[in-house]
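> This one is upload-v1.txt, compact mmCIF, C-alpha atoms.
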```txt
# COMPACT_ATOMS: atom_id res chain seq x y z
CA MET G 5 93.09 107.23 126.42
CA THR G 6 93.17 106.48 122.71
CA ASN G 7 93.63 109.41 120.36
CA ARG G 8 90.42 109.32 118.32
CA LEU G 9 89.98 111.55 115.33
CA PRO G 10 86.46 112.78 114.65
CA ILE G 11 84.50 110.78 112.13
CA PRO G 12 84.48 112.85 108.92
CA ASP G 13 81.32 113.57 107.01
CA PRO G 14 80.42 111.15 104.21
CA PRO G 15 80.72 110.24 101.44
CA TYR G 16 83.67 107.88 101.80
CA THR G 17 85.20 106.18 98.79
CA GLY G 18 87.41 103.15 98.38
CA GLY G 19 88.48 100.31 96.20
CA CYS G 20 90.80 97.40 95.64
CA LEU G 21 94.56 97.16 95.24
CA CYS G 22 94.55 97.10 91.42
CA GLY G 23 91.96 99.89 91.12
CA SER G 24 89.37 97.87 89.18
CA VAL G 25 86.70 97.94 91.89
CA ARG G 26 85.41 101.21 93.33
CA TYR G 27 82.70 101.89 95.90
CA ARG G 28 81.12 104.80 97.78
CA LEU G 29 79.58 104.94 101.27
CA ASN G 30 76.97 107.66 101.75
CA ALA G 31 76.42 107.37 105.51
CA ARG G 32 78.48 107.52 108.68
CA PRO G 33 79.56 104.15 110.05
CA LEU G 34 77.31 102.41 112.54
CA THR G 35 80.31 100.53 113.93
CA MET G 36 84.09 100.43 113.64
CA THR G 37 85.06 96.92 114.66
CA ALA G 38 88.22 94.83 114.89
CA CYS G 39 87.18 91.21 114.49
CA HIS G 40 89.51 88.58 115.93
CA CYS G 41 87.58 85.50 114.78
CA ASP G 42 89.55 82.74 113.09
CA ALA G 43 87.88 83.34 109.71
CA CYS G 44 88.73 87.05 109.65
CA LYS G 45 92.32 86.35 110.66
CA LYS G 46 92.64 83.72 107.95
CA MET G 47 90.99 85.79 105.20
CA SER G 48 92.91 88.97 106.08
CA GLY G 49 96.26 87.36 106.81
CA GLY G 50 96.55 89.56 109.91
CA THR G 51 95.81 89.51 113.62
CA ASN G 52 92.28 90.81 112.97
CA LEU G 53 90.15 92.50 110.35
CA LEU G 54 89.13 96.13 110.89
CA VAL G 55 85.72 96.86 109.37
CA ILE G 56 83.20 99.65 109.34
CA THR G 57 79.52 98.80 109.17
CA VAL G 58 77.11 100.98 107.20
CA PRO G 59 73.43 100.72 106.27
CA ARG G 60 73.13 98.68 103.08
CA GLU G 61 71.16 101.41 101.28
CA SER G 62 74.11 103.81 101.75
CA PHE G 63 76.54 101.53 99.90
CA GLN G 64 77.21 101.93 96.17
CA HIS G 65 79.32 99.50 94.12
CA LEU G 66 80.48 101.92 91.43
CA GLU G 67 82.55 99.72 89.12
CA GLY G 68 84.58 96.59 88.70
CA ASP G 69 83.95 92.87 88.64
CA VAL G 70 83.74 91.07 91.95
CA GLN G 71 83.67 87.48 93.13
CA ARG G 72 81.43 86.32 95.98
CA TYR G 73 81.94 83.56 98.48
CA ARG G 74 79.01 82.70 100.76
CA ARG G 75 80.35 81.85 104.19
CA THR G 76 78.42 80.29 107.04
CA ALA G 77 79.65 81.48 110.43
CA ASP G 78 79.76 79.41 113.62
CA SER G 79 76.48 81.12 114.53
CA GLY G 80 74.83 79.71 111.40
CA ARG G 81 74.45 83.18 109.87
CA GLN G 82 75.49 83.57 106.25
CA SER G 83 77.40 86.41 104.66
CA ASP G 84 78.76 86.98 101.18
CA VAL G 85 82.48 87.82 101.25
CA VAL G 86 83.14 90.06 98.25
CA ARG G 87 86.55 90.36 96.57
CA CYS G 88 87.94 92.01 93.46
CA ALA G 89 87.78 89.50 90.59
CA THR G 90 91.16 90.73 89.30
CA CYS G 91 93.45 91.21 92.31
CA GLY G 92 91.55 89.31 95.02
CA THR G 93 91.37 92.16 97.55
CA ARG G 94 88.76 91.41 100.23
CA LEU G 95 86.51 94.47 100.08
CA TRP G 96 83.23 93.98 101.91
CA HIS G 97 80.79 91.49 103.40
CA GLU G 98 77.06 91.37 102.73
CA PRO G 99 75.33 89.70 105.70
CA GLN G 100 72.22 87.84 104.54
CA ALA G 101 70.17 88.39 107.71
CA VAL G 102 70.66 92.14 108.32
CA PRO G 103 70.51 95.19 106.00
CA VAL G 104 74.11 96.34 106.51
CA MET G 105 77.45 96.10 104.75
CA THR G 106 80.73 95.53 106.55
CA VAL G 107 83.52 97.18 104.62
CA ALA G 108 87.21 96.41 105.14
CA ALA G 109 88.57 99.71 106.49
CA GLY G 110 91.92 99.30 104.75
CA THR G 111 90.16 99.54 101.38
CA LEU G 112 88.97 103.10 102.07
CA ASP G 113 90.84 105.79 100.15
CA ASP G 114 91.43 107.50 103.51
CA PRO G 115 91.26 105.03 106.41
CA SER G 116 93.23 107.32 108.77
CA TRP G 117 90.19 108.14 110.93
CA VAL G 118 89.09 104.53 111.51
CA VAL G 119 90.11 103.45 115.01
CA PRO G 120 88.38 100.36 116.42
CA ALA G 121 85.65 101.29 118.87
CA ILE G 122 84.90 97.61 119.36
CA HIS G 123 86.92 94.40 119.45
CA ILE G 124 84.95 91.17 119.00
CA TRP G 125 85.92 87.53 119.44
CA ILE G 126 88.64 88.68 121.85
CA GLU G 127 88.98 85.16 123.26
CA ARG G 128 90.48 84.23 119.87
CA ALA G 129 92.78 87.26 119.62
CA SER G 130 96.37 86.73 118.60
CA PRO G 131 98.97 87.61 121.25
CA ALA G 132 100.28 90.20 118.77
CA ALA G 133 96.91 91.99 118.47
CA LEU G 134 96.74 95.54 119.82
CA MET G 135 93.57 96.72 121.52
CA GLN G 136 92.81 100.35 122.34
CA ASP G 137 92.32 100.99 126.05
CA ASP G 138 88.97 102.74 125.57
CA ALA G 139 87.55 100.27 123.01
CA VAL G 140 84.68 98.05 124.11
CA LYS G 141 85.68 94.39 124.08
CA PHE G 142 83.32 91.47 123.52
CA THR G 143 83.73 87.73 123.68
CA GLY G 144 82.10 86.14 120.67
CA GLN G 145 79.73 87.96 118.35
CA PRO G 146 77.61 90.56 120.16
CA ALA G 147 74.23 91.73 118.90
CA GLY G 148 74.35 94.61 116.44
CA GLU G 149 72.60 96.93 118.88
CA ALA G 150 75.31 96.35 121.49
CA GLN G 151 77.96 97.24 118.94
CA ILE G 152 76.17 100.44 117.91
CA GLU G 153 75.78 101.47 121.57
CA ALA G 154 79.50 100.86 122.13
CA VAL G 155 80.36 103.25 119.29
CA LYS G 156 77.96 105.85 120.69
CA SER G 157 79.67 105.57 124.09
CA LEU G 158 82.92 106.75 122.48
CA TYR G 159 81.70 109.10 119.74
CA GLY G 160 78.24 110.15 120.89
CA ASP G 161 75.31 110.11 118.52
CA VAL G 162 76.65 110.70 115.05
CA PRO G 163 74.10 111.84 112.46
```
What would the structure in this file look like if it were written as structure tokens?

Amino acid sequence: MTNRLPIPDPPYTGGCLCGSVRYRLNARPLTMTACHCDACKKMSGGTNLLVITVPRESFQHLEGDVQRYRRTADSGRQSDVVRCATCGTRLWHEPQAVPVMTVAAGTLDDPSWVVPAIHIWIERASPAALMQDDAVKFTGQPAGEAQIEAVKSLYGDVP
């Protein structure tokens, strides 16, 4: 069984490598997901990208200039990939079709509690990728509701 720390109470803060961009999240994550799609691997430079998803209204961009890149996924859905305009750190995504933000977990000031509850696009996972035994694994991109239910199966209902 994976050693899972409890999810701390919000708010959570984070920012980019150079410190120019800062943000705050005022709600608990809906999901904690490791994405193994080709785009996330390419944009992160790693075997996957670990993100937390929060309701859009709970997200606050506090300061710093950002650059946006609108990406169209294989599904046809569009999302703005947001980076620091100074150092280029990939910070968050703004999906155009749903009212959530997906925030790169490594940009949190304290990411120590973020353990993937879900792995998606596992058919594209790198052989070097590590997957927690108790995490729910999906081929492709599951519906948001399925992802939220997977988190609840590990953490229960979090307020």
> Just the number, please: distance in Å from CA of Pro14 (chain G) to CA of Pro103 (chain G), one decimal.
18.9 Å
> Pick out the residues sitting within 12 Å of Ala121 (chain G), and hand them over as a PDB file with C-alpha atoms, in the coordinates of the input; count all atoms listed in the file, and ignore anything fewer than 6 positions along from it in its own chain.

```
ATOM      1  CA  THR G   6      93.170 106.480 122.710  1.00  0.00           C
ATOM      2  CA  ASN G   7      93.630 109.410 120.360  1.00  0.00           C
ATOM      3  CA  ARG G   8      90.420 109.320 118.320  1.00  0.00           C
ATOM      4  CA  LEU G   9      89.980 111.550 115.330  1.00  0.00           C
ATOM      5  CA  ILE G  11      84.500 110.780 112.130  1.00  0.00           C
ATOM      6  CA  PRO G  33      79.560 104.150 110.050  1.00  0.00           C
ATOM      7  CA  LEU G  34      77.310 102.410 112.540  1.00  0.00           C
ATOM      8  CA  THR G  35      80.310 100.530 113.930  1.00  0.00           C
ATOM      9  CA  MET G  36      84.090 100.430 113.640  1.00  0.00           C
ATOM     10  CA  THR G  37      85.060  96.920 114.660  1.00  0.00           C
ATOM     11  CA  ALA G  38      88.220  94.830 114.890  1.00  0.00           C
ATOM     12  CA  CYS G  39      87.180  91.210 114.490  1.00  0.00           C
ATOM     13  CA  LEU G  54      89.130  96.130 110.890  1.00  0.00           C
ATOM     14  CA  VAL G  55      85.720  96.860 109.370  1.00  0.00           C
ATOM     15  CA  ILE G  56      83.200  99.650 109.340  1.00  0.00           C
ATOM     16  CA  THR G  57      79.520  98.800 109.170  1.00  0.00           C
ATOM     17  CA  MET G 135      93.570  96.720 121.520  1.00  0.00           C
ATOM     18  CA  GLN G 136      92.810 100.350 122.340  1.00  0.00           C
ATOM     19  CA  ASP G 137      92.320 100.990 126.050  1.00  0.00           C
ATOM     20  CA  ASP G 138      88.970 102.740 125.570  1.00  0.00           C
ATOM     21  CA  ALA G 139      87.550 100.270 123.010  1.00  0.00           C
ATOM     22  CA  VAL G 140      84.680  98.050 124.110  1.00  0.00           C
ATOM     23  CA  LYS G 141      85.680  94.390 124.080  1.00  0.00           C
ATOM     24  CA  PHE G 142      83.320  91.470 123.520  1.00  0.00           C
ATOM     25  CA  ALA G 150      75.310  96.350 121.490  1.00  0.00           C
ATOM     26  CA  GLN G 151      77.960  97.240 118.940  1.00  0.00           C
ATOM     27  CA  ILE G 152      76.170 100.440 117.910  1.00  0.00           C
ATOM     28  CA  GLU G 153      75.780 101.470 121.570  1.00  0.00           C
ATOM     29  CA  ALA G 154      79.500 100.860 122.130  1.00  0.00           C
ATOM     30  CA  VAL G 155      80.360 103.250 119.290  1.00  0.00           C
ATOM     31  CA  LYS G 156      77.960 105.850 120.690  1.00  0.00           C
ATOM     32  CA  SER G 157      79.670 105.570 124.090  1.00  0.00           C
ATOM     33  CA  LEU G 158      82.920 106.750 122.480  1.00  0.00           C
ATOM     34  CA  TYR G 159      81.700 109.100 119.740  1.00  0.00           C
ATOM     35  CA  GLY G 160      78.240 110.150 120.890  1.00  0.00           C
TER      36      GLY G 160
END
```
> For region 46-51 of chain G, find every residue with an atom within 12 Å (counting only C-alpha atoms), except residues of its own chain fewer than 6 positions away, and show them as a PyMOL selection string.
chain G and resi 38-40+73+75+85-87+92-97+108-111+123+125-126+128-135
> For CA of Phe63 (chain G) and CA of Tyr27 (chain G), quote the distance in Å rounded to one decimal.
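Atom-to-atom, CA of Phe63 (chain G) to CA of Tyr27 (chain G), that is 7.4 Å.
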> Can you pull out every residue within 10 Å of Cys22 (chain G), counting only C-alpha atoms, but drop anything in the same chain fewer than 2 positions away, and send it as a PDB file with C-alpha atoms, in the frame of the given file?

```
ATOM      1  CA  GLY G  19      88.480 100.310  96.200  1.00  0.00           C
ATOM      2  CA  CYS G  20      90.800  97.400  95.640  1.00  0.00           C
ATOM      3  CA  SER G  24      89.370  97.870  89.180  1.00  0.00           C
ATOM      4  CA  VAL G  25      86.700  97.940  91.890  1.00  0.00           C
ATOM      5  CA  CYS G  88      87.940  92.010  93.460  1.00  0.00           C
ATOM      6  CA  THR G  90      91.160  90.730  89.300  1.00  0.00           C
ATOM      7  CA  CYS G  91      93.450  91.210  92.310  1.00  0.00           C
ATOM      8  CA  GLY G  92      91.550  89.310  95.020  1.00  0.00           C
ATOM      9  CA  THR G  93      91.370  92.160  97.550  1.00  0.00           C
TER      10      THR G  93
END
```
> How many Å separate CA of Val102 (chain G) from CA of Pro12 (chain G)?
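Interatomic distance here is 24.9 Å.
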> Closest to Thr143 (chain G) among G:Pro10, G:Gln82, G:Tyr16, G:Cys41, using all atoms listed in the file?
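Of G:Pro10, G:Gln82, G:Tyr16, G:Cys41, the one nearest Thr143 (chain G), counting all atoms listed in the file, is G:Cys41.
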> Using only C-alpha atoms, pick whichever of G:Thr76, G:Leu21, G:Val70, G:Ser83 has the shortest atom-to-atom distance to Thr106 (chain G).
G:Ser83
> Please determine, counting all atoms listed in the file, which residue among G:Ser79, G:Asp42, G:Gln71, G:Glu149 has the shortest atom-to-atom distance to Glu127 (chain G).
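Of all the options, G:Asp42 lies closest to Glu127 (chain G).
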> Quick one: residues within 8 Å of Ser62 (chain G), only C-alpha atoms, excluding same-chain residues fewer than 5 positions away - as an mmCIF file with C-alpha atoms, in the coordinates of the input?

```cif
data_model
loop_
_atom_site.group_PDB
_atom_site.id
_atom_site.type_symbol
_atom_site.label_atom_id
_atom_site.label_comp_id
_atom_site.auth_asym_id
_atom_site.auth_seq_id
_atom_site.Cartn_x
_atom_site.Cartn_y
_atom_site.Cartn_z
ATOM 1 C CA LEU G 29 79.580 104.940 101.270
ATOM 2 C CA ASN G 30 76.970 107.660 101.750
ATOM 3 C CA ALA G 31 76.420 107.370 105.510
#
```
> For region 128-151 of chain G, supply N, CA and C atoms and format the output as an mmCIF file, keeping the file's coordinate frame.

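This went into out-v7.cif:
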```cif
data_model
loop_
_atom_site.group_PDB
_atom_site.id
_atom_site.type_symbol
_atom_site.label_atom_id
_atom_site.label_comp_id
_atom_site.auth_asym_id
_atom_site.auth_seq_id
_atom_site.Cartn_x
_atom_site.Cartn_y
_atom_site.Cartn_z
ATOM 1 N N ARG G 128 89.695 84.830 120.945
ATOM 2 C CA ARG G 128 90.480 84.230 119.870
ATOM 3 C C ARG G 128 91.583 85.168 119.374
ATOM 4 N N ALA G 129 91.792 86.265 120.063
ATOM 5 C CA ALA G 129 92.780 87.260 119.620
ATOM 6 C C ALA G 129 94.194 86.702 119.653
ATOM 7 N N SER G 130 94.957 87.081 118.668
ATOM 8 C CA SER G 130 96.370 86.730 118.600
ATOM 9 C C SER G 130 97.121 87.475 119.703
ATOM 10 N N PRO G 131 98.177 86.884 120.261
ATOM 11 C CA PRO G 131 98.970 87.610 121.250
ATOM 12 C C PRO G 131 99.578 88.904 120.694
ATOM 13 N N ALA G 132 99.704 89.000 119.382
ATOM 14 C CA ALA G 132 100.280 90.200 118.770
ATOM 15 C C ALA G 132 99.242 91.294 118.523
ATOM 16 N N ALA G 133 97.965 91.012 118.735
ATOM 17 C CA ALA G 133 96.910 91.990 118.470
ATOM 18 C C ALA G 133 96.976 93.136 119.478
ATOM 19 N N LEU G 134 96.790 94.346 118.974
ATOM 20 C CA LEU G 134 96.740 95.540 119.820
ATOM 21 C C LEU G 134 95.297 95.955 120.006
ATOM 22 N N MET G 135 94.934 96.280 121.232
ATOM 23 C CA MET G 135 93.570 96.720 121.520
ATOM 24 C C MET G 135 93.619 98.060 122.236
ATOM 25 N N GLN G 136 92.859 99.015 121.751
ATOM 26 C CA GLN G 136 92.810 100.350 122.340
ATOM 27 C C GLN G 136 92.201 100.257 123.734
ATOM 28 N N ASP G 137 92.773 101.035 124.653
ATOM 29 C CA ASP G 137 92.320 100.990 126.050
ATOM 30 C C ASP G 137 90.836 101.328 126.193
ATOM 31 N N ASP G 138 90.352 102.292 125.403
ATOM 32 C CA ASP G 138 88.970 102.740 125.570
ATOM 33 C C ASP G 138 87.985 101.971 124.695
ATOM 34 N N ALA G 139 88.449 101.059 123.852
ATOM 35 C CA ALA G 139 87.550 100.270 123.010
ATOM 36 C C ALA G 139 86.754 99.294 123.860
ATOM 37 N N VAL G 140 85.528 99.031 123.435
ATOM 38 C CA VAL G 140 84.680 98.050 124.110
ATOM 39 C C VAL G 140 85.038 96.678 123.571
ATOM 40 N N LYS G 141 85.231 95.731 124.470
ATOM 41 C CA LYS G 141 85.680 94.390 124.080
ATOM 42 C C LYS G 141 84.600 93.363 124.387
ATOM 43 N N PHE G 142 84.363 92.491 123.396
ATOM 44 C CA PHE G 142 83.320 91.470 123.520
ATOM 45 C C PHE G 142 83.916 90.095 123.268
ATOM 46 N N THR G 143 83.461 89.123 124.041
ATOM 47 C CA THR G 143 83.730 87.730 123.680
ATOM 48 C C THR G 143 82.659 87.342 122.671
ATOM 49 N N GLY G 144 83.050 86.574 121.683
ATOM 50 C CA GLY G 144 82.100 86.140 120.670
ATOM 51 C C GLY G 144 81.558 87.283 119.847
ATOM 52 N N GLN G 145 80.396 87.014 119.252
ATOM 53 C CA GLN G 145 79.730 87.960 118.350
ATOM 54 C C GLN G 145 78.571 88.625 119.076
ATOM 55 N N PRO G 146 78.714 89.884 119.470
ATOM 56 C CA PRO G 146 77.610 90.560 120.160
ATOM 57 C C PRO G 146 76.507 90.949 119.181
ATOM 58 N N ALA G 147 75.334 91.228 119.716
ATOM 59 C CA ALA G 147 74.230 91.730 118.900
ATOM 60 C C ALA G 147 74.619 93.071 118.292
ATOM 61 N N GLY G 148 74.054 93.354 117.130
ATOM 62 C CA GLY G 148 74.350 94.610 116.440
ATOM 63 C C GLY G 148 74.050 95.830 117.280
ATOM 64 N N GLU G 149 72.966 95.783 118.043
ATOM 65 C CA GLU G 149 72.600 96.930 118.880
ATOM 66 C C GLU G 149 73.669 97.216 119.930
ATOM 67 N N ALA G 150 74.250 96.165 120.490
ATOM 68 C CA ALA G 150 75.310 96.350 121.490
ATOM 69 C C ALA G 150 76.534 97.002 120.861
ATOM 70 N N GLN G 151 76.821 96.639 119.629
ATOM 71 C CA GLN G 151 77.960 97.240 118.940
ATOM 72 C C GLN G 151 77.711 98.722 118.651
#
```
